[in-house]
$ cat coords-v4.tsv   # TSV, N, CA and C atoms
chain	number	residue	atom	x	y	z
A	1	MET	N	-42.79	-29.02	3.04
A	1	MET	CA	-41.39	-28.65	2.88
A	1	MET	C	-41.25	-27.40	2.00
A	2	ASP	N	-42.02	-27.35	0.91
A	2	ASP	CA	-41.94	-26.19	0.01
A	2	ASP	C	-42.34	-24.90	0.72
A	3	ARG	N	-43.36	-24.99	1.59
A	3	ARG	CA	-43.80	-23.79	2.30
A	3	ARG	C	-42.73	-23.29	3.27
A	4	ILE	N	-42.04	-24.22	3.90
A	4	ILE	CA	-40.98	-23.83	4.84
A	4	ILE	C	-39.87	-23.10	4.10
A	5	ILE	N	-39.46	-23.65	2.97
A	5	ILE	CA	-38.40	-23.01	2.17
A	5	ILE	C	-38.88	-21.67	1.63
A	6	ALA	N	-40.10	-21.62	1.12
A	6	ALA	CA	-40.63	-20.36	0.57
A	6	ALA	C	-40.72	-19.29	1.65
A	7	ARG	N	-41.12	-19.68	2.85
A	7	ARG	CA	-41.25	-18.72	3.94
A	7	ARG	C	-39.89	-18.17	4.36
A	8	ASN	N	-38.86	-18.99	4.25
A	8	ASN	CA	-37.52	-18.58	4.68
A	8	ASN	C	-36.64	-18.10	3.54
A	9	GLN	N	-37.18	-18.02	2.33
A	9	GLN	CA	-36.38	-17.64	1.16
A	9	GLN	C	-35.64	-16.31	1.35
A	10	PRO	N	-36.28	-15.25	1.86
A	10	PRO	CA	-35.53	-13.99	2.03
A	10	PRO	C	-34.33	-14.13	2.96
A	11	TYR	N	-34.48	-14.94	4.00
A	11	TYR	CA	-33.38	-15.13	4.95
A	11	TYR	C	-32.28	-15.98	4.34
A	12	LEU	N	-32.66	-16.94	3.50
A	12	LEU	CA	-31.67	-17.74	2.80
A	12	LEU	C	-30.89	-16.89	1.80
A	13	LEU	N	-31.55	-15.90	1.21
A	13	LEU	CA	-30.86	-14.95	0.32
A	13	LEU	C	-29.81	-14.18	1.11
A	14	SER	N	-30.16	-13.72	2.30
A	14	SER	CA	-29.18	-13.02	3.14
A	14	SER	C	-28.02	-13.93	3.52
A	15	LEU	N	-28.31	-15.18	3.83
A	15	LEU	CA	-27.26	-16.14	4.16
A	15	LEU	C	-26.35	-16.39	2.95
A	16	PHE	N	-26.95	-16.54	1.77
A	16	PHE	CA	-26.18	-16.73	0.55
A	16	PHE	C	-25.27	-15.53	0.28
A	17	ARG	N	-25.80	-14.32	0.47
A	17	ARG	CA	-25.01	-13.10	0.29
A	17	ARG	C	-23.85	-13.06	1.26
A	18	PHE	N	-24.11	-13.39	2.52
A	18	PHE	CA	-23.08	-13.36	3.55
A	18	PHE	C	-21.95	-14.35	3.24
A	19	VAL	N	-22.30	-15.58	2.91
A	19	VAL	CA	-21.29	-16.61	2.64
A	19	VAL	C	-20.49	-16.27	1.39
A	20	THR	N	-21.16	-15.80	0.34
A	20	THR	CA	-20.47	-15.42	-0.89
A	20	THR	C	-19.51	-14.27	-0.63
A	21	GLY	N	-19.96	-13.26	0.09
A	21	GLY	CA	-19.10	-12.13	0.43
A	21	GLY	C	-17.91	-12.56	1.28
A	22	LEU	N	-18.16	-13.44	2.23
A	22	LEU	CA	-17.08	-13.91	3.11
A	22	LEU	C	-16.03	-14.70	2.32
A	23	LEU	N	-16.47	-15.53	1.37
A	23	LEU	CA	-15.51	-16.26	0.54
A	23	LEU	C	-14.62	-15.30	-0.26
A	24	LEU	N	-15.24	-14.32	-0.88
A	24	LEU	CA	-14.46	-13.37	-1.68
A	24	LEU	C	-13.55	-12.52	-0.79
A	25	PHE	N	-14.06	-12.09	0.34
A	25	PHE	CA	-13.26	-11.32	1.30
A	25	PHE	C	-12.04	-12.13	1.75
A	26	HIS	N	-12.26	-13.40	2.01
A	26	HIS	CA	-11.19	-14.30	2.44
A	26	HIS	C	-10.08	-14.37	1.38
A	27	TYR	N	-10.45	-14.45	0.11
A	27	TYR	CA	-9.44	-14.47	-0.96
A	27	TYR	C	-8.69	-13.14	-1.01
A	28	GLY	N	-9.38	-12.04	-0.80
A	28	GLY	CA	-8.72	-10.73	-0.78
A	28	GLY	C	-7.72	-10.62	0.35
A	29	VAL	N	-8.09	-11.09	1.54
A	29	VAL	CA	-7.18	-11.08	2.69
A	29	VAL	C	-5.95	-11.94	2.40
A	30	ALA	N	-6.18	-13.12	1.82
A	30	ALA	CA	-5.05	-14.02	1.52
A	30	ALA	C	-4.09	-13.39	0.51
A	31	LYS	N	-4.63	-12.69	-0.49
A	31	LYS	CA	-3.77	-12.09	-1.51
A	31	LYS	C	-3.04	-10.86	-0.99
A	32	LEU	N	-3.73	-10.01	-0.25
A	32	LEU	CA	-3.14	-8.74	0.17
A	32	LEU	C	-2.34	-8.83	1.45
A	33	PHE	N	-2.82	-9.61	2.42
A	33	PHE	CA	-2.20	-9.64	3.75
A	33	PHE	C	-1.49	-10.96	4.05
A	34	LYS	N	-1.49	-11.86	3.05
A	34	LYS	CA	-0.78	-13.15	3.17
A	34	LYS	C	-1.27	-13.95	4.38
A	35	PHE	N	-2.56	-13.85	4.67
A	35	PHE	CA	-3.14	-14.64	5.75
A	35	PHE	C	-4.40	-15.32	5.28
A	36	PRO	N	-4.50	-16.61	5.43
A	36	PRO	CA	-3.43	-17.49	5.85
A	36	PRO	C	-2.37	-17.59	4.76
A	37	PRO	N	-1.15	-17.95	5.13
A	37	PRO	CA	-0.11	-18.04	4.10
A	37	PRO	C	-0.42	-19.15	3.10
A	38	VAL	N	-0.54	-18.74	1.84
A	38	VAL	CA	-0.83	-19.68	0.75
A	38	VAL	C	0.28	-19.51	-0.27
A	39	GLU	N	0.92	-20.60	-0.64
A	39	GLU	CA	2.05	-20.54	-1.56
A	39	GLU	C	1.68	-19.84	-2.86
A	40	MET	N	0.46	-20.07	-3.35
A	40	MET	CA	0.02	-19.50	-4.62
A	40	MET	C	0.00	-17.96	-4.57
A	41	PHE	N	-0.26	-17.39	-3.39
A	41	PHE	CA	-0.35	-15.93	-3.26
A	41	PHE	C	0.90	-15.31	-2.63
A	42	ALA	N	1.97	-16.06	-2.46
A	42	ALA	CA	3.16	-15.58	-1.76
A	42	ALA	C	3.82	-14.38	-2.46
A	43	ASP	N	3.79	-14.35	-3.79
A	43	ASP	CA	4.48	-13.28	-4.52
A	43	ASP	C	3.54	-12.21	-5.07
A	44	VAL	N	2.32	-12.16	-4.58
A	44	VAL	CA	1.36	-11.16	-5.06
A	44	VAL	C	1.75	-9.80	-4.50
A	45	THR	N	1.89	-8.82	-5.39
A	45	THR	CA	2.16	-7.44	-4.99
A	45	THR	C	0.90	-6.61	-5.22
A	46	PRO	N	0.72	-5.53	-4.47
A	46	PRO	CA	-0.53	-4.77	-4.56
A	46	PRO	C	-0.89	-4.27	-5.96
A	47	LEU	N	0.07	-3.90	-6.78
A	47	LEU	CA	-0.25	-3.35	-8.09
A	47	LEU	C	-0.17	-4.37	-9.22
A	48	SER	N	0.00	-5.64	-8.87
A	48	SER	CA	-0.05	-6.69	-9.88
A	48	SER	C	-1.52	-6.99	-10.21
A	49	LEU	N	-1.75	-7.76	-11.25
A	49	LEU	CA	-3.12	-8.13	-11.62
A	49	LEU	C	-3.81	-8.85	-10.46
A	50	TRP	N	-3.11	-9.78	-9.83
A	50	TRP	CA	-3.68	-10.50	-8.70
A	50	TRP	C	-3.87	-9.58	-7.49
A	51	GLY	N	-2.98	-8.62	-7.32
A	51	GLY	CA	-3.11	-7.67	-6.21
A	51	GLY	C	-4.32	-6.78	-6.37
A	52	VAL	N	-4.55	-6.30	-7.58
A	52	VAL	CA	-5.74	-5.47	-7.84
A	52	VAL	C	-7.00	-6.31	-7.65
A	53	ALA	N	-6.97	-7.57	-8.12
A	53	ALA	CA	-8.10	-8.47	-7.89
A	53	ALA	C	-8.33	-8.65	-6.39
A	54	GLY	N	-7.25	-8.77	-5.63
A	54	GLY	CA	-7.37	-8.89	-4.18
A	54	GLY	C	-8.00	-7.66	-3.55
A	55	MET	N	-7.68	-6.48	-4.09
A	55	MET	CA	-8.30	-5.25	-3.57
A	55	MET	C	-9.80	-5.25	-3.80
A	56	PHE	N	-10.22	-5.66	-5.01
A	56	PHE	CA	-11.65	-5.76	-5.32
A	56	PHE	C	-12.32	-6.76	-4.38
A	57	GLU	N	-11.68	-7.93	-4.21
A	57	GLU	CA	-12.27	-8.97	-3.37
A	57	GLU	C	-12.33	-8.54	-1.92
A	58	PHE	N	-11.31	-7.85	-1.45
A	58	PHE	CA	-11.29	-7.39	-0.06
A	58	PHE	C	-12.37	-6.34	0.17
A	59	ALA	N	-12.39	-5.30	-0.68
A	59	ALA	CA	-13.32	-4.19	-0.47
A	59	ALA	C	-14.77	-4.59	-0.79
A	60	ALA	N	-15.01	-5.08	-1.99
A	60	ALA	CA	-16.38	-5.42	-2.39
A	60	ALA	C	-16.86	-6.67	-1.67
A	61	GLY	N	-15.96	-7.61	-1.37
A	61	GLY	CA	-16.35	-8.78	-0.59
A	61	GLY	C	-16.77	-8.40	0.82
A	62	GLY	N	-16.07	-7.43	1.41
A	62	GLY	CA	-16.47	-6.92	2.72
A	62	GLY	C	-17.82	-6.25	2.68
A	63	LEU	N	-18.07	-5.44	1.64
A	63	LEU	CA	-19.38	-4.81	1.49
A	63	LEU	C	-20.47	-5.85	1.32
A	64	LEU	N	-20.19	-6.87	0.54
A	64	LEU	CA	-21.17	-7.93	0.32
A	64	LEU	C	-21.44	-8.68	1.62
A	65	THR	N	-20.42	-8.92	2.40
A	65	THR	CA	-20.58	-9.66	3.66
A	65	THR	C	-21.55	-8.95	4.60
A	66	ILE	N	-21.43	-7.64	4.71
A	66	ILE	CA	-22.33	-6.91	5.62
A	66	ILE	C	-23.61	-6.45	4.92
A	67	GLY	N	-23.65	-6.58	3.60
A	67	GLY	CA	-24.85	-6.21	2.87
A	67	GLY	C	-24.99	-4.71	2.64
A	68	LEU	N	-23.88	-4.03	2.44
A	68	LEU	CA	-23.89	-2.60	2.15
A	68	LEU	C	-23.55	-2.38	0.68
A	69	PHE	N	-24.37	-1.62	-0.02
A	69	PHE	CA	-24.22	-1.42	-1.47
A	69	PHE	C	-24.13	-2.78	-2.17
A	70	THR	N	-25.02	-3.67	-1.80
A	70	THR	CA	-24.97	-5.05	-2.27
A	70	THR	C	-25.00	-5.15	-3.78
A	71	ARG	N	-25.94	-4.48	-4.42
A	71	ARG	CA	-26.09	-4.63	-5.87
A	71	ARG	C	-24.86	-4.17	-6.65
A	72	PRO	N	-24.34	-2.96	-6.42
A	72	PRO	CA	-23.14	-2.57	-7.17
A	72	PRO	C	-21.91	-3.40	-6.81
A	73	ALA	N	-21.75	-3.75	-5.53
A	73	ALA	CA	-20.60	-4.57	-5.14
A	73	ALA	C	-20.66	-5.94	-5.80
A	74	ALA	N	-21.84	-6.54	-5.82
A	74	ALA	CA	-22.00	-7.86	-6.44
A	74	ALA	C	-21.79	-7.78	-7.94
A	75	PHE	N	-22.24	-6.72	-8.56
A	75	PHE	CA	-22.06	-6.56	-10.01
A	75	PHE	C	-20.58	-6.45	-10.36
A	76	ILE	N	-19.84	-5.66	-9.58
A	76	ILE	CA	-18.40	-5.51	-9.80
A	76	ILE	C	-17.69	-6.85	-9.60
A	77	LEU	N	-18.06	-7.57	-8.54
A	77	LEU	CA	-17.42	-8.86	-8.28
A	77	LEU	C	-17.78	-9.89	-9.34
A	78	SER	N	-18.98	-9.82	-9.87
A	78	SER	CA	-19.36	-10.73	-10.95
A	78	SER	C	-18.46	-10.52	-12.16
A	79	GLY	N	-18.23	-9.26	-12.51
A	79	GLY	CA	-17.33	-8.95	-13.61
A	79	GLY	C	-15.90	-9.37	-13.33
A	80	GLU	N	-15.47	-9.16	-12.09
A	80	GLU	CA	-14.11	-9.56	-11.73
A	80	GLU	C	-13.93	-11.07	-11.84
A	81	MET	N	-14.93	-11.82	-11.42
A	81	MET	CA	-14.84	-13.28	-11.52
A	81	MET	C	-14.88	-13.75	-12.98
A	82	ALA	N	-15.64	-13.04	-13.82
A	82	ALA	CA	-15.64	-13.38	-15.25
A	82	ALA	C	-14.25	-13.15	-15.84
A	83	PHE	N	-13.65	-12.01	-15.52
A	83	PHE	CA	-12.28	-11.73	-15.97
A	83	PHE	C	-11.32	-12.78	-15.45
A	84	ALA	N	-11.45	-13.15	-14.18
A	84	ALA	CA	-10.57	-14.16	-13.59
A	84	ALA	C	-10.66	-15.46	-14.37
A	85	TYR	N	-11.87	-15.84	-14.74
A	85	TYR	CA	-12.02	-17.10	-15.48
A	85	TYR	C	-11.37	-17.00	-16.85
A	86	PHE	N	-11.67	-15.93	-17.58
A	86	PHE	CA	-11.16	-15.83	-18.95
A	86	PHE	C	-9.66	-15.57	-19.01
A	87	ILE	N	-9.11	-14.86	-18.03
A	87	ILE	CA	-7.68	-14.55	-18.05
A	87	ILE	C	-6.84	-15.68	-17.46
A	88	GLU	N	-7.30	-16.26	-16.36
A	88	GLU	CA	-6.47	-17.22	-15.63
A	88	GLU	C	-6.80	-18.68	-15.93
A	89	HIS	N	-8.06	-19.01	-16.12
A	89	HIS	CA	-8.45	-20.41	-16.22
A	89	HIS	C	-8.65	-20.91	-17.65
A	90	LEU	N	-9.38	-20.18	-18.45
A	90	LEU	CA	-9.72	-20.63	-19.80
A	90	LEU	C	-8.49	-20.93	-20.67
A	91	PRO	N	-7.40	-20.16	-20.59
A	91	PRO	CA	-6.24	-20.49	-21.44
A	91	PRO	C	-5.65	-21.88	-21.18
A	92	HIS	N	-5.90	-22.45	-20.00
A	92	HIS	CA	-5.34	-23.77	-19.69
A	92	HIS	C	-6.16	-24.91	-20.29
A	93	SER	N	-7.46	-24.72	-20.39
A	93	SER	CA	-8.35	-25.74	-20.96
A	93	SER	C	-9.74	-25.15	-21.08
A	94	PHE	N	-10.53	-25.70	-21.97
A	94	PHE	CA	-11.92	-25.28	-22.12
A	94	PHE	C	-12.78	-25.81	-20.97
A	95	PHE	N	-12.38	-26.92	-20.38
A	95	PHE	CA	-13.20	-27.62	-19.39
A	95	PHE	C	-12.88	-27.14	-17.97
A	96	PRO	N	-13.89	-26.64	-17.24
A	96	PRO	CA	-13.65	-26.13	-15.88
A	96	PRO	C	-13.06	-27.17	-14.93
A	97	VAL	N	-13.39	-28.43	-15.10
A	97	VAL	CA	-12.85	-29.46	-14.21
A	97	VAL	C	-11.34	-29.63	-14.44
A	98	VAL	N	-10.87	-29.29	-15.61
A	98	VAL	CA	-9.44	-29.39	-15.93
A	98	VAL	C	-8.71	-28.09	-15.58
A	99	ASN	N	-9.33	-26.93	-15.83
A	99	ASN	CA	-8.64	-25.66	-15.63
A	99	ASN	C	-8.85	-25.05	-14.24
A	100	ASP	N	-9.51	-25.76	-13.32
A	100	ASP	CA	-9.77	-25.29	-11.95
A	100	ASP	C	-10.57	-23.98	-11.91
A	101	GLY	N	-11.44	-23.77	-12.88
A	101	GLY	CA	-12.19	-22.53	-12.95
A	101	GLY	C	-13.61	-22.61	-12.45
A	102	ALA	N	-14.01	-23.75	-11.90
A	102	ALA	CA	-15.40	-23.91	-11.47
A	102	ALA	C	-15.79	-22.90	-10.40
A	103	LEU	N	-14.92	-22.63	-9.44
A	103	LEU	CA	-15.24	-21.67	-8.38
A	103	LEU	C	-15.44	-20.27	-8.96
A	104	ALA	N	-14.60	-19.89	-9.91
A	104	ALA	CA	-14.75	-18.56	-10.54
A	104	ALA	C	-16.09	-18.47	-11.26
A	105	ILE	N	-16.51	-19.53	-11.94
A	105	ILE	CA	-17.80	-19.52	-12.64
A	105	ILE	C	-18.95	-19.41	-11.65
A	106	VAL	N	-18.92	-20.21	-10.59
A	106	VAL	CA	-19.99	-20.19	-9.59
A	106	VAL	C	-20.06	-18.82	-8.90
A	107	LEU	N	-18.91	-18.27	-8.55
A	107	LEU	CA	-18.91	-16.95	-7.91
A	107	LEU	C	-19.38	-15.86	-8.87
A	108	CYS	N	-19.02	-15.96	-10.14
A	108	CYS	CA	-19.47	-15.00	-11.14
A	108	CYS	C	-20.99	-14.97	-11.21
A	109	PHE	N	-21.60	-16.13	-11.36
A	109	PHE	CA	-23.05	-16.17	-11.51
A	109	PHE	C	-23.77	-15.98	-10.18
A	110	GLY	N	-23.15	-16.38	-9.07
A	110	GLY	CA	-23.73	-16.10	-7.76
A	110	GLY	C	-23.78	-14.60	-7.50
A	111	CYS	N	-22.71	-13.90	-7.83
A	111	CYS	CA	-22.68	-12.44	-7.66
A	111	CYS	C	-23.64	-11.76	-8.64
A	112	LEU	N	-23.75	-12.28	-9.84
A	112	LEU	CA	-24.70	-11.72	-10.80
A	112	LEU	C	-26.12	-11.87	-10.27
A	113	PHE	N	-26.44	-13.01	-9.65
A	113	PHE	CA	-27.74	-13.19	-9.03
A	113	PHE	C	-27.96	-12.18	-7.91
A	114	LEU	N	-26.95	-11.98	-7.06
A	114	LEU	CA	-27.07	-11.03	-5.96
A	114	LEU	C	-27.23	-9.59	-6.48
A	115	ALA	N	-26.59	-9.29	-7.60
A	115	ALA	CA	-26.75	-7.94	-8.19
A	115	ALA	C	-28.20	-7.72	-8.60
A	116	ALA	N	-28.88	-8.77	-9.02
A	116	ALA	CA	-30.28	-8.66	-9.42
A	116	ALA	C	-31.23	-8.76	-8.23
A	117	ALA	N	-30.93	-9.65	-7.29
A	117	ALA	CA	-31.85	-9.94	-6.19
A	117	ALA	C	-31.69	-9.01	-4.98
A	118	GLY	N	-30.52	-8.44	-4.81
A	118	GLY	CA	-30.28	-7.61	-3.63
A	118	GLY	C	-29.75	-8.44	-2.48
A	119	GLY	N	-29.65	-7.81	-1.32
A	119	GLY	CA	-28.99	-8.43	-0.18
A	119	GLY	C	-29.88	-9.17	0.78
A	120	GLY	N	-31.18	-9.06	0.64
A	120	GLY	CA	-32.08	-9.73	1.57
A	120	GLY	C	-32.38	-8.88	2.79
A	121	PRO	N	-33.22	-9.41	3.69
A	121	PRO	CA	-33.69	-8.62	4.83
A	121	PRO	C	-32.65	-8.42	5.93
A	122	ILE	N	-31.65	-9.28	6.00
A	122	ILE	CA	-30.63	-9.14	7.03
A	122	ILE	C	-29.40	-8.53	6.36
A	123	SER	N	-29.42	-7.23	6.19
A	123	SER	CA	-28.33	-6.51	5.53
A	123	SER	C	-28.37	-5.05	5.96
A	124	VAL	N	-27.26	-4.40	5.80
A	124	VAL	CA	-27.21	-2.97	6.10
A	124	VAL	C	-28.10	-2.21	5.11
A	125	ASP	N	-28.16	-2.66	3.86
A	125	ASP	CA	-29.05	-2.04	2.88
A	125	ASP	C	-30.50	-2.04	3.36
A	126	ALA	N	-30.95	-3.18	3.90
A	126	ALA	CA	-32.33	-3.28	4.40
A	126	ALA	C	-32.55	-2.37	5.60
A	127	MET	N	-31.56	-2.23	6.46
A	127	MET	CA	-31.68	-1.36	7.63
A	127	MET	C	-31.72	0.10	7.22
A	128	ARG	N	-31.06	0.44	6.12
A	128	ARG	CA	-31.01	1.84	5.67
A	128	ARG	C	-32.33	2.29	5.04
A	129	ARG	N	-33.14	1.34	4.57
A	129	ARG	CA	-34.41	1.70	3.92
A	129	ARG	C	-35.43	2.21	4.88

$ encode --input "coords-v4.tsv" --output "structure tokens"
Amino acid sequence: MDRIIARNQPYLLSLFRFVTGLLLFHYGVAKLFKFPPVEMFADVTPLSLWGVAGMFEFAAGGLLTIGLFTRPAAFILSGEMAFAYFIEHLPHSFFPVVNDGALAIVLCFGCLFLAAAGGGPISVDAMRR
């Protein structure tokens, strides 16, 4: 079992990058284009704090999804998720299970990992090399 996972590790990295990018891209689309309609994002305007966050998630999440400029895009998104946690979640409670900040923490450290590891073999970055 370990050999199978080790042999496929680079491809799993690409899959992890794709799914992480798609999640962030999805949040950007919901904030900026109101699709799908989510009550929480109904009043987001482009130049509000949430709107700017949506722009980062839309643009850098799209780059992450296709694996283009993976390291800088992931680094920027990691910082954005850290800010999201400290600005939006931490003031409500110290505990992530209470303040609904677990996703922001996981995305922050997932993007930090991608900034260090790169996009994997199935990415535009790999094709450009």

$ closest_residue --input "coords-v4.tsv" --among "A:Ala126, A:Ile76, A:Ala30, A:Ala42" --to "Gly54 (chain A)" --atoms "all atoms listed in the file"
A:Ala30

$ closest_residue --input "coords-v4.tsv" --among "A:Thr65, A:Ser123, A:Ser93, A:Thr70" --to "Arg17 (chain A)" --atoms "all atoms listed in the file"
A:Thr65

$ residues_around --input "coords-v4.tsv" --residues "Phe18 (chain A)" --least-positions-apart "4" --cutoff "12 Å" --atoms "only C-alpha atoms" --output "count of residues only"
30

$ select_by_dssp --input "coords-v4.tsv" --residues "chain A" --states "alpha helix (DSSP H)" --output "number ranges by chain"
A: 2-33, 49-66, 70-84, 96-99, 102-117, 124-128

$ residues_around --input "coords-v4.tsv" --residues "Leu112 (chain A)" --least-positions-apart "2" --cutoff "6.5 Å" --atoms "only N, CA and C atoms" --output "list in words"
Ala74, Phe75, Leu77, Ser78, Leu107, Cys108, Phe109, Gly110, Leu114, Ala115, Ala116 and Ala117 of chain A

$ atom_distance --input "coords-v4.tsv" --atom1 "CA of Tyr27 (chain A)" --atom2 "atom N of Glu57 (chain A)"
7.6 Å

$ atom_distance --input "coords-v4.tsv" --atom1 "CA of Asp100 (chain A)" --atom2 "atom C of Glu88 (chain A)"
8.3 Å

$ atom_distance --input "coords-v4.tsv" --atom1 "atom N of Asp125 (chain A)" --atom2 "atom N of Phe69 (chain A)"
5.5 Å

$ residues_around --input "coords-v4.tsv" --residues "Val44 (chain A)" --least-positions-apart "4" --cutoff "7 Å" --atoms "all atoms listed in the file" --output "MDAnalysis selection string"
chainID A and resid 31:32 40 48 50:51

$ axis_aligned_box --input "coords-v4.tsv" --around "region 6-24 of chain A" --padding-each-side "4 Å" --output "lines of an AutoDock Vina configuration file"
center_x = -27.4
center_y = -16.9
center_z = 1.6
size_x = 35.7
size_y = 17.5
size_z = 14.6

$ build_atoms --input "coords-v4.tsv" --residues "region 72-80 of chain A" --atoms "all heavy atoms" --output "JSON list (two decimals), in the frame of the given file"
[["chain", "number", "residue", "atom", "x", "y", "z"],
["A", 72, "PRO", "N", -24.34, -2.96, -6.42],
["A", 72, "PRO", "CA", -23.14, -2.57, -7.17],
["A", 72, "PRO", "C", -21.91, -3.40, -6.81],
["A", 72, "PRO", "O", -21.11, -3.75, -7.69],
["A", 72, "PRO", "CB", -22.93, -1.09, -6.83],
["A", 72, "PRO", "CG", -23.85, -0.77, -5.73],
["A", 72, "PRO", "CD", -24.88, -1.83, -5.64],
["A", 73, "ALA", "N", -21.75, -3.75, -5.53],
["A", 73, "ALA", "CA", -20.60, -4.57, -5.14],
["A", 73, "ALA", "C", -20.66, -5.94, -5.80],
["A", 73, "ALA", "O", -19.66, -6.44, -6.32],
["A", 73, "ALA", "CB", -20.55, -4.72, -3.61],
["A", 74, "ALA", "N", -21.84, -6.54, -5.82],
["A", 74, "ALA", "CA", -22.00, -7.86, -6.44],
["A", 74, "ALA", "C", -21.79, -7.78, -7.94],
["A", 74, "ALA", "O", -21.19, -8.69, -8.54],
["A", 74, "ALA", "CB", -23.39, -8.42, -6.12],
["A", 75, "PHE", "N", -22.24, -6.72, -8.56],
["A", 75, "PHE", "CA", -22.06, -6.56, -10.01],
["A", 75, "PHE", "C", -20.58, -6.45, -10.36],
["A", 75, "PHE", "O", -20.09, -7.09, -11.30],
["A", 75, "PHE", "CB", -22.83, -5.34, -10.51],
["A", 75, "PHE", "CG", -22.80, -5.19, -12.00],
["A", 75, "PHE", "CD1", -23.57, -6.03, -12.80],
["A", 75, "PHE", "CD2", -22.02, -4.23, -12.60],
["A", 75, "PHE", "CE1", -23.55, -5.90, -14.19],
["A", 75, "PHE", "CE2", -21.98, -4.09, -13.97],
["A", 75, "PHE", "CZ", -22.75, -4.92, -14.78],
["A", 76, "ILE", "N", -19.84, -5.66, -9.58],
["A", 76, "ILE", "CA", -18.40, -5.51, -9.80],
["A", 76, "ILE", "C", -17.69, -6.85, -9.60],
["A", 76, "ILE", "O", -16.84, -7.24, -10.41],
["A", 76, "ILE", "CB", -17.83, -4.42, -8.87],
["A", 76, "ILE", "CG1", -18.31, -3.05, -9.34],
["A", 76, "ILE", "CG2", -16.31, -4.49, -8.81],
["A", 76, "ILE", "CD1", -18.08, -1.93, -8.34],
["A", 77, "LEU", "N", -18.06, -7.57, -8.54],
["A", 77, "LEU", "CA", -17.42, -8.86, -8.28],
["A", 77, "LEU", "C", -17.78, -9.89, -9.34],
["A", 77, "LEU", "O", -16.95, -10.74, -9.69],
["A", 77, "LEU", "CB", -17.80, -9.36, -6.89],
["A", 77, "LEU", "CG", -17.12, -8.62, -5.74],
["A", 77, "LEU", "CD1", -17.76, -8.98, -4.41],
["A", 77, "LEU", "CD2", -15.63, -8.93, -5.73],
["A", 78, "SER", "N", -18.98, -9.82, -9.87],
["A", 78, "SER", "CA", -19.36, -10.73, -10.95],
["A", 78, "SER", "C", -18.46, -10.52, -12.16],
["A", 78, "SER", "O", -17.96, -11.48, -12.75],
["A", 78, "SER", "CB", -20.83, -10.51, -11.34],
["A", 78, "SER", "OG", -21.18, -11.31, -12.44],
["A", 79, "GLY", "N", -18.23, -9.26, -12.51],
["A", 79, "GLY", "CA", -17.33, -8.95, -13.61],
["A", 79, "GLY", "C", -15.90, -9.37, -13.33],
["A", 79, "GLY", "O", -15.21, -9.90, -14.20],
["A", 80, "GLU", "N", -15.47, -9.16, -12.09],
["A", 80, "GLU", "CA", -14.11, -9.56, -11.73],
["A", 80, "GLU", "C", -13.93, -11.07, -11.84],
["A", 80, "GLU", "O", -12.90, -11.55, -12.32],
["A", 80, "GLU", "CB", -13.79, -9.09, -10.31],
["A", 80, "GLU", "CG", -12.33, -9.23, -9.96],
["A", 80, "GLU", "CD", -12.07, -10.05, -8.73],
["A", 80, "GLU", "OE1", -13.01, -10.27, -7.94],
["A", 80, "GLU", "OE2", -10.92, -10.48, -8.55]]
